[in-house]
Amino acid sequence: MTSPVLERFLRYVTCDTQSREEATTYPSTPGQLVLLRQLVDELKAMGIADAAIDEHGYVMATIPANTSKPDVPVIGFIAHVDTSPEMSGAGVKPIVHRAYDGRDLVLPDDAEAVLRVVDSPYLGECLGHDIVTASGATLLGADNKSGVAAIITAAERLMAHPEIPHGAIRIAFTPDEEVGNGTKFFDVPRFGARYAYTMDGGPRGELEFESFSADAITITFRGFNTHPGYAKGRMVNAIKLAARFIERLPPDRLSPETTEDREGFVHPYVVQAGVDRTSVKLLVRDFMTAGLKEKEAWLQSLAAEVVAGVPGASFEVLVEESYRNMREVIDQHPLVVERAREAITRVGLRVRERAIRGGTDGSRLSFMGLPTPNIFAGEQNFHSRLEWVSVQDMEKAVDVIVELAKVWEEKS
Ligand SMILES: [Zn+2]
């Protein structure tokens with residue numbers, strides 16, 4: 001028996017929708033539009049009359065309410081169609097490994113690409129499942145096409161079963177999430193949902209409503225450049241100032257490579273160097289916005305230490321806000337999490353709550369006025385040639401969406 005969510009997923013992953021950094025177009029690549037348009041056709045074919053794509057490539061659609069209750073809030077489900085620029089998504093050849101028995105899965109196009117339980121412990125929780133991988137040469141694209149397939153399949157089920165009561169359900173498929181632009185032109189009022197869920201998480205049962213708060217900070221050291229042959233007592237080398245600054249960052253803490261769970265970090269990732277001026281760009285991450293500010297103040301104090309006592313040396317600081325922990329918003333809307341817990345439990349799963357060490361489109365949408373936690377779609381080993389997804393997990397994601405529609409109706 002073929003699974004409708006699997007059939008769709010296998011079709012979507014063969015469409016190359018890799019997004020691109022620093023593109024001048026929106027969406028960043030035309031391949032995304034191919035899939036987005038296909039999704040409109042698919043929604044229309046199941047009777048969703050208002051399915052449409054806008055000038056930016058966002059697909060939105062409505063499953064009309066069929067309940068007689070007047071106060072059921074409009075709920076949205078959102079997934080992104082693009083895949084990561086970090087790994088090729090062209091010519092994806094998905095492989096379904098039926099009834100997984102715990103063996104190593106050697107992917108045919110690269111002998112080095114072996115999926116093992118020891119490296120991916122969650123695979124050990126999927127014994128008996130049908131596991132989908134790519135062939136070893138590309139990513140799979142389960143991030144986030146498993147979410148796209150789950151939402152479309154849930155829409156099909158709701159359209160085919162008018163006896164399931166629900167309020168209006170809004171659907172959105174977005175481009176360019178992986179390059180940080182998934183919500184750039186997302187029109188929250190036009191979407192018109194009171195609450196939404198991104199279907200872009202990992203293991204079955206996962207529910208995420210907490211993300212990092214994130215800033216980027218650029219510290220620019222200013223020195224003084226002059227002819228090196230006649231520089232004695234005059235030259236101030238900004239490259240050396242920046243080097244001393246980076247050297248002051250502790251080796252054993254506060255970095256991506258030394259932190260986990262709820263710890264934040266600072267992360268120098270770009271240096272633009274010159275004798276006259278050298279700038280160091282750092283990512284700053286913390287679950288508390290106050291912790292973010294503390295880290296930024298600390299970085300400034302390190303920079304001040306470096307220039308202190310060096311005549312002619314100075315520095316400037318530029319802080320840019322990236323996103324904020326969505327929990328700050330979601331805590332004011334406890335129902336959005338409660339209903340999700342209820343739906344996940346009703347389909348027979350244990351709720352796994354986890355704080356995301358990153359941001360999601362939901363982080364931004366929450367601050368744009370649409371509280372949007374993230375729910376699992378089964379994705380594993382994101383952005384990797386070892387990416388995989390369990391078909392049974394995708395089917396559970398479909399069940400959760402349908403159940404959420406029911407729970408919101410029932411309790412309103
Ligand atoms: Zn994703």
# chains A, B, ... in the order shown; residues from 1 in each chain; ligands from 1
>>> residues_near_ligand(ligand="ligand 1", cutoff="6 Å", atoms="only C-alpha atoms and all ligand atoms", output="list of chain:residue names")
A:Asp143, A:Asn144, A:Asp200
>>> closest_atom_pairs(of="range 75-123 of chain A", to="range 162-185 of chain A", cutoff="10 Å", atoms="only C-alpha atoms", output="tab-separated table")
residue	atom	partner	partner_atom	distance
A:Ile75	CA	A:Ile169	CA	5.1
A:Gly76	CA	A:Arg170	CA	4.4
A:Phe77	CA	A:Ile171	CA	5.0
A:Ile78	CA	A:Ala172	CA	4.8
A:Ala79	CA	A:Phe173	CA	5.2
A:His80	CA	A:Thr174	CA	4.6
A:Val81	CA	A:Pro175	CA	5.7
A:Asp82	CA	A:Pro175	CA	5.6
A:Thr83	CA	A:Glu178	CA	6.5
A:Ser84	CA	A:Glu178	CA	5.4
A:Pro85	CA	A:Glu178	CA	7.4
A:Glu86	CA	A:Glu178	CA	9.4
>>> write_last_selection(atoms="all heavy atoms", output="PDB file, in the first residue's frame")
ATOM      1  N   ILE A  75      -6.508  28.876  12.293  1.00  0.00           N
ATOM      2  CA  ILE A  75      -5.206  28.288  12.601  1.00  0.00           C
ATOM      3  C   ILE A  75      -4.428  28.110  11.300  1.00  0.00           C
ATOM      4  O   ILE A  75      -5.003  27.736  10.283  1.00  0.00           O
ATOM      5  CB  ILE A  75      -5.402  26.900  13.256  1.00  0.00           C
ATOM      6  CG1 ILE A  75      -6.243  27.012  14.525  1.00  0.00           C
ATOM      7  CG2 ILE A  75      -4.065  26.234  13.576  1.00  0.00           C
ATOM      8  CD1 ILE A  75      -5.652  27.924  15.559  1.00  0.00           C
ATOM      9  N   GLY A  76      -3.134  28.397  11.347  1.00  0.00           N
ATOM     10  CA  GLY A  76      -2.312  28.263  10.146  1.00  0.00           C
ATOM     11  C   GLY A  76      -1.275  27.156  10.266  1.00  0.00           C
ATOM     12  O   GLY A  76      -0.816  26.834  11.374  1.00  0.00           O
ATOM     13  N   PHE A  77      -0.920  26.581   9.131  1.00  0.00           N
ATOM     14  CA  PHE A  77       0.183  25.615   9.052  1.00  0.00           C
ATOM     15  C   PHE A  77       1.137  26.079   7.954  1.00  0.00           C
ATOM     16  O   PHE A  77       0.699  26.408   6.850  1.00  0.00           O
ATOM     17  CB  PHE A  77      -0.337  24.206   8.768  1.00  0.00           C
ATOM     18  CG  PHE A  77      -1.127  23.648   9.920  1.00  0.00           C
ATOM     19  CD1 PHE A  77      -2.521  23.735   9.924  1.00  0.00           C
ATOM     20  CD2 PHE A  77      -0.490  23.085  11.008  1.00  0.00           C
ATOM     21  CE1 PHE A  77      -3.258  23.256  11.002  1.00  0.00           C
ATOM     22  CE2 PHE A  77      -1.220  22.598  12.092  1.00  0.00           C
ATOM     23  CZ  PHE A  77      -2.605  22.681  12.081  1.00  0.00           C
ATOM     24  N   ILE A  78       2.428  26.083   8.287  1.00  0.00           N
ATOM     25  CA  ILE A  78       3.423  26.704   7.413  1.00  0.00           C
ATOM     26  C   ILE A  78       4.612  25.767   7.215  1.00  0.00           C
ATOM     27  O   ILE A  78       5.073  25.127   8.163  1.00  0.00           O
ATOM     28  CB  ILE A  78       3.929  28.039   8.029  1.00  0.00           C
ATOM     29  CG1 ILE A  78       2.747  28.999   8.251  1.00  0.00           C
ATOM     30  CG2 ILE A  78       5.000  28.682   7.155  1.00  0.00           C
ATOM     31  CD1 ILE A  78       3.088  30.210   9.115  1.00  0.00           C
ATOM     32  N   ALA A  79       5.097  25.698   5.982  1.00  0.00           N
ATOM     33  CA  ALA A  79       6.330  24.954   5.706  1.00  0.00           C
ATOM     34  C   ALA A  79       7.101  25.698   4.624  1.00  0.00           C
ATOM     35  O   ALA A  79       6.520  26.465   3.855  1.00  0.00           O
ATOM     36  CB  ALA A  79       6.011  23.529   5.253  1.00  0.00           C
ATOM     37  N   HIS A  80       8.402  25.470   4.575  1.00  0.00           N
ATOM     38  CA  HIS A  80       9.205  26.128   3.527  1.00  0.00           C
ATOM     39  C   HIS A  80       9.611  25.119   2.467  1.00  0.00           C
ATOM     40  O   HIS A  80       9.846  23.947   2.774  1.00  0.00           O
ATOM     41  CB  HIS A  80      10.415  26.852   4.124  1.00  0.00           C
ATOM     42  CG  HIS A  80      11.463  25.982   4.763  1.00  0.00           C
ATOM     43  ND1 HIS A  80      12.526  25.441   4.065  1.00  0.00           N
ATOM     44  CD2 HIS A  80      11.635  25.563   6.049  1.00  0.00           C
ATOM     45  CE1 HIS A  80      13.297  24.749   4.884  1.00  0.00           C
ATOM     46  NE2 HIS A  80      12.779  24.805   6.101  1.00  0.00           N
ATOM     47  N   VAL A  81       9.693  25.585   1.222  1.00  0.00           N
ATOM     48  CA  VAL A  81       9.988  24.665   0.113  1.00  0.00           C
ATOM     49  C   VAL A  81      11.471  24.609  -0.226  1.00  0.00           C
ATOM     50  O   VAL A  81      11.905  23.683  -0.927  1.00  0.00           O
ATOM     51  CB  VAL A  81       9.222  25.026  -1.185  1.00  0.00           C
ATOM     52  CG1 VAL A  81       7.726  24.933  -0.972  1.00  0.00           C
ATOM     53  CG2 VAL A  81       9.640  26.378  -1.733  1.00  0.00           C
ATOM     54  N   ASP A  82      12.257  25.590   0.222  1.00  0.00           N
ATOM     55  CA  ASP A  82      13.665  25.605  -0.206  1.00  0.00           C
ATOM     56  C   ASP A  82      14.508  24.641   0.614  1.00  0.00           C
ATOM     57  O   ASP A  82      14.136  24.238   1.714  1.00  0.00           O
ATOM     58  CB  ASP A  82      14.249  27.026  -0.099  1.00  0.00           C
ATOM     59  CG  ASP A  82      14.288  27.551   1.332  1.00  0.00           C
ATOM     60  OD1 ASP A  82      13.284  27.416   2.052  1.00  0.00           O
ATOM     61  OD2 ASP A  82      15.350  28.083   1.737  1.00  0.00           O
ATOM     62  N   THR A  83      15.651  24.271   0.037  1.00  0.00           N
ATOM     63  CA  THR A  83      16.617  23.428   0.753  1.00  0.00           C
ATOM     64  C   THR A  83      17.918  24.212   0.928  1.00  0.00           C
ATOM     65  O   THR A  83      18.146  25.219   0.266  1.00  0.00           O
ATOM     66  CB  THR A  83      16.901  22.102   0.014  1.00  0.00           C
ATOM     67  OG1 THR A  83      17.500  22.392  -1.253  1.00  0.00           O
ATOM     68  CG2 THR A  83      15.624  21.294  -0.183  1.00  0.00           C
ATOM     69  N   SER A  84      18.746  23.718   1.826  1.00  0.00           N
ATOM     70  CA  SER A  84      19.936  24.447   2.261  1.00  0.00           C
ATOM     71  C   SER A  84      20.962  24.679   1.147  1.00  0.00           C
ATOM     72  O   SER A  84      21.257  23.772   0.365  1.00  0.00           O
ATOM     73  CB  SER A  84      20.603  23.653   3.380  1.00  0.00           C
ATOM     74  OG  SER A  84      21.866  24.190   3.658  1.00  0.00           O
ATOM     75  N   PRO A  85      21.566  25.868   1.114  1.00  0.00           N
ATOM     76  CA  PRO A  85      22.657  26.120   0.165  1.00  0.00           C
ATOM     77  C   PRO A  85      23.918  25.318   0.492  1.00  0.00           C
ATOM     78  O   PRO A  85      24.827  25.231  -0.325  1.00  0.00           O
ATOM     79  CB  PRO A  85      22.956  27.617   0.335  1.00  0.00           C
ATOM     80  CG  PRO A  85      21.868  28.185   1.157  1.00  0.00           C
ATOM     81  CD  PRO A  85      21.243  27.060   1.919  1.00  0.00           C
ATOM     82  N   GLU A  86      23.970  24.703   1.685  1.00  0.00           N
ATOM     83  CA  GLU A  86      25.190  24.014   2.116  1.00  0.00           C
ATOM     84  C   GLU A  86      25.446  22.705   1.386  1.00  0.00           C
ATOM     85  O   GLU A  86      26.544  22.160   1.441  1.00  0.00           O
ATOM     86  CB  GLU A  86      25.114  23.698   3.622  1.00  0.00           C
ATOM     87  CG  GLU A  86      25.164  24.920   4.505  1.00  0.00           C
ATOM     88  CD  GLU A  86      24.785  24.576   5.933  1.00  0.00           C
ATOM     89  OE1 GLU A  86      25.327  23.611   6.484  1.00  0.00           O
ATOM     90  OE2 GLU A  86      23.920  25.281   6.497  1.00  0.00           O
TER      91      GLU A  86
END
>>> residues_around(residues="Gly223 in chain A", least_positions_apart="6", cutoff="8 Å", atoms="only C-alpha atoms", output="PyMOL selection string")
chain A and resi 235-238+275-277+312-314
>>> atom_distance(atom1="CA of Val266 in chain A", atom2="CA of Lys295 in chain A")
7.4 Å
>>> residues_around(residues="Ala377 in chain A", least_positions_apart="4", cutoff="9 Å", atoms="only C-alpha atoms", output="ChimeraX atom specification")
/A:142-148,150,199-204,206,389,393-398
>>> write_last_selection(atoms="all heavy atoms", output="compact mmCIF listing (two decimals), in the first residue's frame")
# COMPACT_ATOMS: atom_id res chain seq x y z
N ALA A 142 14.19 16.51 3.22
CA ALA A 142 13.13 16.30 4.21
C ALA A 142 12.90 17.61 4.97
O ALA A 142 11.77 17.92 5.35
CB ALA A 142 13.52 15.19 5.17
N ASP A 143 13.95 18.36 5.18
CA ASP A 143 13.88 19.73 5.69
C ASP A 143 13.60 20.63 4.49
O ASP A 143 14.52 20.97 3.76
CB ASP A 143 15.21 20.08 6.36
CG ASP A 143 15.30 21.54 6.77
OD1 ASP A 143 14.27 22.22 6.76
OD2 ASP A 143 16.42 22.00 7.10
N ASN A 144 12.42 20.98 4.17
CA ASN A 144 11.22 20.89 4.95
C ASN A 144 10.10 20.26 4.12
O ASN A 144 8.92 20.47 4.36
CB ASN A 144 10.87 22.30 5.42
CG ASN A 144 9.68 22.45 6.32
OD1 ASN A 144 9.06 23.48 6.32
ND2 ASN A 144 9.31 21.42 7.05
N LYS A 145 10.52 19.43 3.11
CA LYS A 145 9.49 18.87 2.22
C LYS A 145 8.66 17.81 2.92
O LYS A 145 7.54 17.51 2.48
CB LYS A 145 10.14 18.35 0.95
CG LYS A 145 10.60 19.50 0.05
CD LYS A 145 11.54 19.09 -1.04
CE LYS A 145 11.98 20.33 -1.83
NZ LYS A 145 13.11 20.04 -2.72
N SER A 146 9.18 17.25 4.02
CA SER A 146 8.32 16.35 4.79
C SER A 146 7.19 17.17 5.42
O SER A 146 6.04 16.71 5.50
CB SER A 146 9.12 15.60 5.86
OG SER A 146 9.76 16.51 6.72
N GLY A 147 7.47 18.41 5.82
CA GLY A 147 6.44 19.29 6.35
C GLY A 147 5.44 19.70 5.28
O GLY A 147 4.23 19.73 5.52
N VAL A 148 5.96 19.99 4.08
CA VAL A 148 5.07 20.35 2.96
C VAL A 148 4.14 19.18 2.66
O VAL A 148 2.91 19.34 2.55
CB VAL A 148 5.90 20.71 1.70
CG1 VAL A 148 4.97 20.97 0.51
CG2 VAL A 148 6.80 21.92 1.96
N ALA A 150 3.28 16.74 4.61
CA ALA A 150 2.34 16.48 5.71
C ALA A 150 1.17 17.46 5.65
O ALA A 150 0.01 17.06 5.84
CB ALA A 150 3.08 16.60 7.05
N MET A 199 5.70 23.33 10.46
CA MET A 199 5.88 21.87 10.53
C MET A 199 7.30 21.60 10.05
O MET A 199 7.52 21.25 8.90
CB MET A 199 4.85 21.17 9.62
CG MET A 199 3.40 21.43 10.00
SD MET A 199 2.93 20.86 11.66
CE MET A 199 3.21 19.11 11.55
N ASP A 200 8.28 21.85 10.91
CA ASP A 200 9.68 21.83 10.46
C ASP A 200 10.60 21.29 11.55
O ASP A 200 11.72 21.78 11.72
CB ASP A 200 10.09 23.26 10.04
CG ASP A 200 11.36 23.29 9.22
OD1 ASP A 200 11.80 22.24 8.73
OD2 ASP A 200 11.92 24.39 9.07
N GLY A 201 10.12 20.28 12.28
CA GLY A 201 10.94 19.74 13.35
C GLY A 201 11.33 18.29 13.12
O GLY A 201 10.99 17.68 12.10
N GLY A 202 12.04 17.72 14.10
CA GLY A 202 12.63 16.41 13.96
C GLY A 202 11.78 15.26 14.42
O GLY A 202 10.80 14.89 13.77
N PRO A 203 12.14 14.63 15.55
CA PRO A 203 11.51 13.37 15.95
C PRO A 203 10.02 13.49 16.28
O PRO A 203 9.56 14.56 16.69
CB PRO A 203 12.29 12.97 17.21
CG PRO A 203 13.03 14.17 17.65
CD PRO A 203 13.21 15.05 16.46
N ARG A 204 9.30 12.40 16.10
CA ARG A 204 7.86 12.40 16.35
C ARG A 204 7.58 12.83 17.78
O ARG A 204 8.26 12.41 18.71
CB ARG A 204 7.25 11.02 16.05
CG ARG A 204 7.87 9.88 16.83
CD ARG A 204 7.35 8.51 16.37
NE ARG A 204 8.06 7.43 17.04
CZ ARG A 204 9.23 6.94 16.67
NH1 ARG A 204 9.86 7.45 15.61
NH2 ARG A 204 9.79 5.96 17.34
N GLU A 206 7.85 15.96 18.74
CA GLU A 206 8.58 17.19 19.07
C GLU A 206 7.71 18.44 18.94
O GLU A 206 6.93 18.57 18.00
CB GLU A 206 9.80 17.33 18.17
CG GLU A 206 10.72 18.45 18.60
CD GLU A 206 12.05 18.40 17.83
OE1 GLU A 206 12.06 18.74 16.64
OE2 GLU A 206 13.05 18.01 18.44
N VAL A 389 14.37 10.54 6.77
CA VAL A 389 13.09 10.73 7.43
C VAL A 389 12.36 9.39 7.49
O VAL A 389 12.52 8.56 6.58
CB VAL A 389 12.24 11.80 6.70
CG1 VAL A 389 11.87 11.36 5.29
CG2 VAL A 389 10.99 12.17 7.49
N ASP A 393 6.85 8.57 10.75
CA ASP A 393 6.86 9.87 11.44
C ASP A 393 6.11 10.92 10.62
O ASP A 393 5.36 11.73 11.18
CB ASP A 393 8.30 10.34 11.68
CG ASP A 393 8.98 9.59 12.83
OD1 ASP A 393 8.37 8.65 13.37
OD2 ASP A 393 10.12 9.95 13.17
N MET A 394 6.30 10.90 9.30
CA MET A 394 5.57 11.85 8.45
C MET A 394 4.07 11.61 8.57
O MET A 394 3.27 12.55 8.62
CB MET A 394 6.00 11.73 6.99
CG MET A 394 7.36 12.32 6.69
SD MET A 394 7.62 12.60 4.92
CE MET A 394 7.94 10.96 4.33
N GLU A 395 3.68 10.33 8.63
CA GLU A 395 2.25 10.02 8.76
C GLU A 395 1.71 10.54 10.10
O GLU A 395 0.58 11.04 10.17
CB GLU A 395 2.02 8.51 8.61
CG GLU A 395 2.17 8.09 7.15
CD GLU A 395 2.19 6.59 6.91
OE1 GLU A 395 2.39 5.83 7.88
OE2 GLU A 395 2.03 6.20 5.74
N LYS A 396 2.53 10.44 11.14
CA LYS A 396 2.11 10.98 12.44
C LYS A 396 1.97 12.50 12.38
O LYS A 396 1.09 13.08 13.04
CB LYS A 396 3.13 10.59 13.53
CG LYS A 396 2.95 9.18 14.05
CD LYS A 396 1.62 9.01 14.78
CE LYS A 396 1.51 7.65 15.45
NZ LYS A 396 0.12 7.37 15.93
N ALA A 397 2.84 13.15 11.61
CA ALA A 397 2.73 14.62 11.48
C ALA A 397 1.40 14.99 10.82
O ALA A 397 0.76 15.96 11.21
CB ALA A 397 3.91 15.16 10.67
N VAL A 398 0.98 14.19 9.83
CA VAL A 398 -0.33 14.41 9.19
C VAL A 398 -1.43 14.28 10.24
O VAL A 398 -2.32 15.13 10.35
CB VAL A 398 -0.57 13.40 8.05
CG1 VAL A 398 -1.97 13.59 7.45
CG2 VAL A 398 0.50 13.51 6.97
>>> closest_residue(among="A:Thr220, A:Ser390, A:Glu305, A:Glu208", to="Ala340 in chain A", atoms="only C-alpha atoms")
A:Glu208
